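Q: Structure file protein.txt, compact mmCIF, N, CA and C atoms, is pasted below:
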```txt
# COMPACT_ATOMS: atom_id res chain seq x y z
N MET A 1 18.68 -37.82 14.37
CA MET A 1 17.82 -37.85 13.20
C MET A 1 16.49 -37.16 13.51
N LEU A 2 15.99 -37.41 14.72
CA LEU A 2 14.73 -36.80 15.14
C LEU A 2 14.85 -35.27 15.18
N ALA A 3 16.01 -34.77 15.63
CA ALA A 3 16.22 -33.33 15.70
C ALA A 3 16.19 -32.71 14.30
N MET A 4 16.80 -33.38 13.33
CA MET A 4 16.79 -32.87 11.95
C MET A 4 15.37 -32.83 11.39
N ILE A 5 14.60 -33.84 11.68
CA ILE A 5 13.21 -33.88 11.21
C ILE A 5 12.42 -32.75 11.86
N LEU A 6 12.63 -32.53 13.14
CA LEU A 6 11.94 -31.46 13.86
C LEU A 6 12.31 -30.09 13.28
N LEU A 7 13.60 -29.86 13.01
CA LEU A 7 14.03 -28.59 12.41
C LEU A 7 13.43 -28.39 11.03
N ALA A 8 13.40 -29.43 10.23
CA ALA A 8 12.81 -29.32 8.89
C ALA A 8 11.32 -29.01 8.98
N LEU A 9 10.63 -29.64 9.90
CA LEU A 9 9.21 -29.39 10.09
C LEU A 9 8.95 -27.96 10.56
N MET A 10 9.77 -27.49 11.50
CA MET A 10 9.61 -26.11 11.99
C MET A 10 9.86 -25.10 10.86
N HIS A 11 10.88 -25.36 10.06
CA HIS A 11 11.17 -24.47 8.94
C HIS A 11 10.00 -24.44 7.97
N TRP A 12 9.46 -25.58 7.66
CA TRP A 12 8.34 -25.66 6.73
C TRP A 12 7.13 -24.90 7.29
N LEU A 13 6.84 -25.09 8.58
CA LEU A 13 5.68 -24.42 9.19
C LEU A 13 5.87 -22.90 9.21
N LEU A 14 7.06 -22.43 9.57
CA LEU A 14 7.30 -21.00 9.60
C LEU A 14 7.25 -20.39 8.19
N ALA A 15 7.83 -21.07 7.22
CA ALA A 15 7.80 -20.57 5.84
C ALA A 15 6.38 -20.52 5.31
N ARG A 16 5.60 -21.54 5.59
CA ARG A 16 4.21 -21.58 5.13
C ARG A 16 3.39 -20.47 5.79
N SER A 17 3.59 -20.27 7.08
CA SER A 17 2.87 -19.22 7.79
C SER A 17 3.26 -17.84 7.27
N ALA A 18 4.55 -17.62 7.01
CA ALA A 18 5.01 -16.33 6.51
C ALA A 18 4.46 -16.06 5.11
N ALA A 19 4.30 -17.10 4.31
CA ALA A 19 3.77 -16.93 2.95
C ALA A 19 2.28 -16.57 2.98
N ARG A 20 1.58 -16.95 4.02
CA ARG A 20 0.14 -16.71 4.08
C ARG A 20 -0.25 -15.46 4.86
N SER A 21 0.66 -14.94 5.67
CA SER A 21 0.33 -13.80 6.51
C SER A 21 1.40 -12.72 6.40
N ALA A 22 1.03 -11.56 5.92
CA ALA A 22 1.98 -10.45 5.80
C ALA A 22 2.49 -10.03 7.18
N TRP A 23 1.61 -10.02 8.17
CA TRP A 23 2.01 -9.64 9.52
C TRP A 23 3.05 -10.61 10.07
N PHE A 24 2.83 -11.90 9.90
CA PHE A 24 3.75 -12.91 10.40
C PHE A 24 5.08 -12.85 9.63
N ALA A 25 5.01 -12.61 8.33
CA ALA A 25 6.22 -12.50 7.52
C ALA A 25 7.08 -11.34 8.01
N ARG A 26 6.45 -10.21 8.29
CA ARG A 26 7.20 -9.05 8.79
C ARG A 26 7.80 -9.34 10.15
N LEU A 27 7.07 -10.06 11.00
CA LEU A 27 7.57 -10.42 12.32
C LEU A 27 8.78 -11.33 12.22
N ILE A 28 8.73 -12.32 11.36
CA ILE A 28 9.80 -13.31 11.23
C ILE A 28 10.96 -12.79 10.39
N GLU A 29 10.67 -12.21 9.24
CA GLU A 29 11.70 -11.81 8.29
C GLU A 29 12.19 -10.39 8.48
N GLY A 30 11.37 -9.53 9.06
CA GLY A 30 11.72 -8.13 9.18
C GLY A 30 11.32 -7.37 7.93
N GLY A 31 11.68 -6.12 7.89
CA GLY A 31 11.33 -5.28 6.75
C GLY A 31 12.57 -4.76 6.06
N ALA A 32 12.37 -4.08 4.97
CA ALA A 32 13.48 -3.48 4.23
C ALA A 32 14.02 -2.29 5.03
N VAL A 33 15.32 -2.06 4.91
CA VAL A 33 15.99 -0.97 5.63
C VAL A 33 16.70 -0.09 4.60
N ILE A 34 16.47 1.21 4.69
CA ILE A 34 17.13 2.16 3.79
C ILE A 34 18.54 2.40 4.32
N LEU A 35 19.54 2.04 3.50
CA LEU A 35 20.94 2.24 3.87
C LEU A 35 21.49 3.56 3.35
N GLY A 36 20.90 4.04 2.27
CA GLY A 36 21.35 5.30 1.69
C GLY A 36 20.25 5.93 0.88
N HIS A 37 20.26 7.26 0.85
CA HIS A 37 19.22 7.99 0.11
C HIS A 37 19.84 9.24 -0.50
N SER A 38 19.53 9.49 -1.76
CA SER A 38 20.02 10.68 -2.49
C SER A 38 21.54 10.79 -2.46
N GLY A 39 22.23 9.67 -2.62
CA GLY A 39 23.68 9.69 -2.69
C GLY A 39 24.40 9.69 -1.37
N THR A 40 23.67 9.70 -0.27
CA THR A 40 24.28 9.70 1.06
C THR A 40 24.04 8.36 1.73
N VAL A 41 25.11 7.72 2.18
CA VAL A 41 25.01 6.42 2.84
C VAL A 41 25.01 6.64 4.35
N SER A 42 24.12 5.95 5.05
CA SER A 42 24.03 6.05 6.51
C SER A 42 25.01 5.05 7.15
N GLU A 43 26.10 5.57 7.66
CA GLU A 43 27.09 4.72 8.33
C GLU A 43 26.48 4.04 9.54
N GLN A 44 25.57 4.72 10.21
CA GLN A 44 24.90 4.14 11.38
C GLN A 44 24.09 2.90 10.99
N GLN A 45 23.36 2.96 9.89
CA GLN A 45 22.58 1.81 9.43
C GLN A 45 23.50 0.67 8.98
N LEU A 46 24.60 1.01 8.34
CA LEU A 46 25.55 -0.03 7.93
C LEU A 46 26.08 -0.77 9.15
N ARG A 47 26.48 -0.03 10.18
CA ARG A 47 26.99 -0.66 11.41
C ARG A 47 25.90 -1.46 12.10
N ARG A 48 24.70 -0.91 12.18
CA ARG A 48 23.59 -1.57 12.87
C ARG A 48 23.26 -2.93 12.25
N HIS A 49 23.41 -3.03 10.92
CA HIS A 49 23.05 -4.25 10.22
C HIS A 49 24.28 -5.05 9.77
N ASN A 50 25.44 -4.68 10.32
CA ASN A 50 26.70 -5.41 10.08
C ASN A 50 27.03 -5.54 8.60
N ILE A 51 26.94 -4.44 7.89
CA ILE A 51 27.28 -4.42 6.46
C ILE A 51 28.60 -3.68 6.32
N SER A 52 29.57 -4.36 5.77
CA SER A 52 30.89 -3.75 5.61
C SER A 52 30.91 -2.87 4.36
N ALA A 53 31.91 -2.02 4.30
CA ALA A 53 32.09 -1.18 3.12
C ALA A 53 32.33 -2.05 1.88
N THR A 54 32.98 -3.19 2.08
CA THR A 54 33.23 -4.11 0.98
C THR A 54 31.92 -4.68 0.43
N ASP A 55 31.00 -5.05 1.33
CA ASP A 55 29.69 -5.56 0.90
C ASP A 55 28.92 -4.50 0.12
N LEU A 56 28.97 -3.27 0.60
CA LEU A 56 28.27 -2.18 -0.08
C LEU A 56 28.88 -1.94 -1.46
N GLN A 57 30.22 -1.91 -1.54
CA GLN A 57 30.88 -1.71 -2.82
C GLN A 57 30.56 -2.83 -3.80
N GLU A 58 30.46 -4.06 -3.31
CA GLU A 58 30.11 -5.19 -4.17
C GLU A 58 28.71 -5.00 -4.77
N ALA A 59 27.76 -4.58 -3.93
CA ALA A 59 26.39 -4.35 -4.41
C ALA A 59 26.36 -3.23 -5.45
N LEU A 60 27.15 -2.19 -5.22
CA LEU A 60 27.21 -1.10 -6.19
C LEU A 60 27.80 -1.57 -7.51
N ARG A 61 28.88 -2.36 -7.44
CA ARG A 61 29.49 -2.87 -8.68
C ARG A 61 28.54 -3.76 -9.46
N LYS A 62 27.75 -4.56 -8.75
CA LYS A 62 26.78 -5.44 -9.43
C LYS A 62 25.78 -4.63 -10.24
N GLU A 63 25.48 -3.42 -9.79
CA GLU A 63 24.54 -2.56 -10.50
C GLU A 63 25.24 -1.62 -11.48
N GLY A 64 26.56 -1.72 -11.57
CA GLY A 64 27.31 -0.88 -12.50
C GLY A 64 27.48 0.54 -12.02
N VAL A 65 27.45 0.75 -10.72
CA VAL A 65 27.60 2.08 -10.14
C VAL A 65 28.98 2.17 -9.49
N ALA A 66 29.74 3.19 -9.84
CA ALA A 66 31.10 3.33 -9.31
C ALA A 66 31.11 3.99 -7.93
N ASP A 67 30.13 4.83 -7.65
CA ASP A 67 30.14 5.60 -6.41
C ASP A 67 28.73 5.69 -5.84
N ALA A 68 28.62 5.56 -4.52
CA ALA A 68 27.32 5.64 -3.85
C ALA A 68 26.67 7.01 -4.03
N ALA A 69 27.46 8.02 -4.30
CA ALA A 69 26.92 9.37 -4.50
C ALA A 69 26.04 9.45 -5.74
N LYS A 70 26.15 8.46 -6.63
CA LYS A 70 25.35 8.46 -7.86
C LYS A 70 24.09 7.61 -7.74
N THR A 71 23.66 7.33 -6.52
CA THR A 71 22.48 6.50 -6.30
C THR A 71 21.31 7.33 -5.78
N CYS A 72 20.11 6.83 -6.03
CA CYS A 72 18.91 7.45 -5.47
C CYS A 72 18.59 6.82 -4.11
N GLN A 73 18.72 5.48 -4.07
CA GLN A 73 18.40 4.77 -2.84
C GLN A 73 19.14 3.44 -2.80
N ILE A 74 19.62 3.09 -1.61
CA ILE A 74 20.27 1.81 -1.36
C ILE A 74 19.48 1.14 -0.24
N THR A 75 18.98 -0.06 -0.50
CA THR A 75 18.08 -0.74 0.44
C THR A 75 18.60 -2.12 0.78
N LEU A 76 18.57 -2.46 2.07
CA LEU A 76 18.83 -3.81 2.52
C LEU A 76 17.49 -4.52 2.58
N GLU A 77 17.30 -5.53 1.74
CA GLU A 77 16.05 -6.27 1.67
C GLU A 77 15.98 -7.33 2.78
N PRO A 78 14.78 -7.77 3.15
CA PRO A 78 14.66 -8.82 4.17
C PRO A 78 15.41 -10.10 3.82
N SER A 79 15.62 -10.34 2.54
CA SER A 79 16.34 -11.54 2.10
C SER A 79 17.85 -11.43 2.34
N GLY A 80 18.32 -10.21 2.63
CA GLY A 80 19.74 -9.99 2.83
C GLY A 80 20.41 -9.37 1.62
N ASN A 81 19.70 -9.27 0.51
CA ASN A 81 20.24 -8.64 -0.69
C ASN A 81 20.23 -7.13 -0.53
N ILE A 82 21.19 -6.49 -1.20
CA ILE A 82 21.24 -5.03 -1.21
C ILE A 82 20.79 -4.56 -2.58
N THR A 83 19.74 -3.76 -2.62
CA THR A 83 19.18 -3.22 -3.85
C THR A 83 19.65 -1.79 -4.04
N VAL A 84 20.12 -1.48 -5.25
CA VAL A 84 20.62 -0.15 -5.56
C VAL A 84 19.77 0.45 -6.66
N LEU A 85 19.20 1.63 -6.40
CA LEU A 85 18.42 2.35 -7.41
C LEU A 85 19.21 3.58 -7.84
N THR A 86 19.34 3.74 -9.15
CA THR A 86 20.06 4.88 -9.69
C THR A 86 19.10 5.84 -10.37
N ALA A 87 19.57 7.05 -10.57
CA ALA A 87 18.74 8.08 -11.20
C ALA A 87 18.58 7.83 -12.67
```
Could I get this file's structure written as structure tokens?
A:
Amino acid sequence: MLAMILLALMHWLLARSAARSAWFARLIEGGAVILGHSGTVSEQQLRRHNISATDLQEALRKEGVADAAKTCQITLEPSGNITVLTA
């Protein structure tokens, strides 16, 4: 029980610190990563961040895009969401 309380307290402290400091938030959460630009997807970035082709296709479908070639930018957000910008 004590371990659960300690974990909850640590989570609260880290979240509070990240909300108040941009530097600390970037250190803890990381930054956005460009996965694709101008219709070209970086296979190296997908592998580096463990994003499967299925995950990428799902993000594209959510935005109503059939093909990555029709995108302006594909970004992996610090939250883990994939954002797709179209022309």
Q: How many Å separate atom CA of Trp12 of chain A from atom CA of Ala32 of chain A?
A: 22.9 Å
Q: Segment 68-82 of chain A: which residues within 6 Å, counting all atoms listed in the file, same-chain residues fewer than 6 positions away excluded, as a ChimeraX atom specification?
A: /A:29-40,59
Q: Please indicate the distance in Å from atom CA of Leu56 of chain A to atom CA of Thr86 of chain A, rounded to one decimal place.
A: 14.5 Å
Q: So how far away is atom N of Ser42 of chain A from atom N of Lys62 of chain A, in Å?
A: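 Going from atom N of Lys62 of chain A over to atom N of Ser42 of chain A covers 17.7 Å.
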Q: Please provide the set of residues having any atom within 12 Å of Ser17 of chain A, restricted to only C-alpha atoms, with same-chain residues fewer than 5 positions apart removed, written as a PyMOL selection string.
A: chain A and resi 10-12+22-29
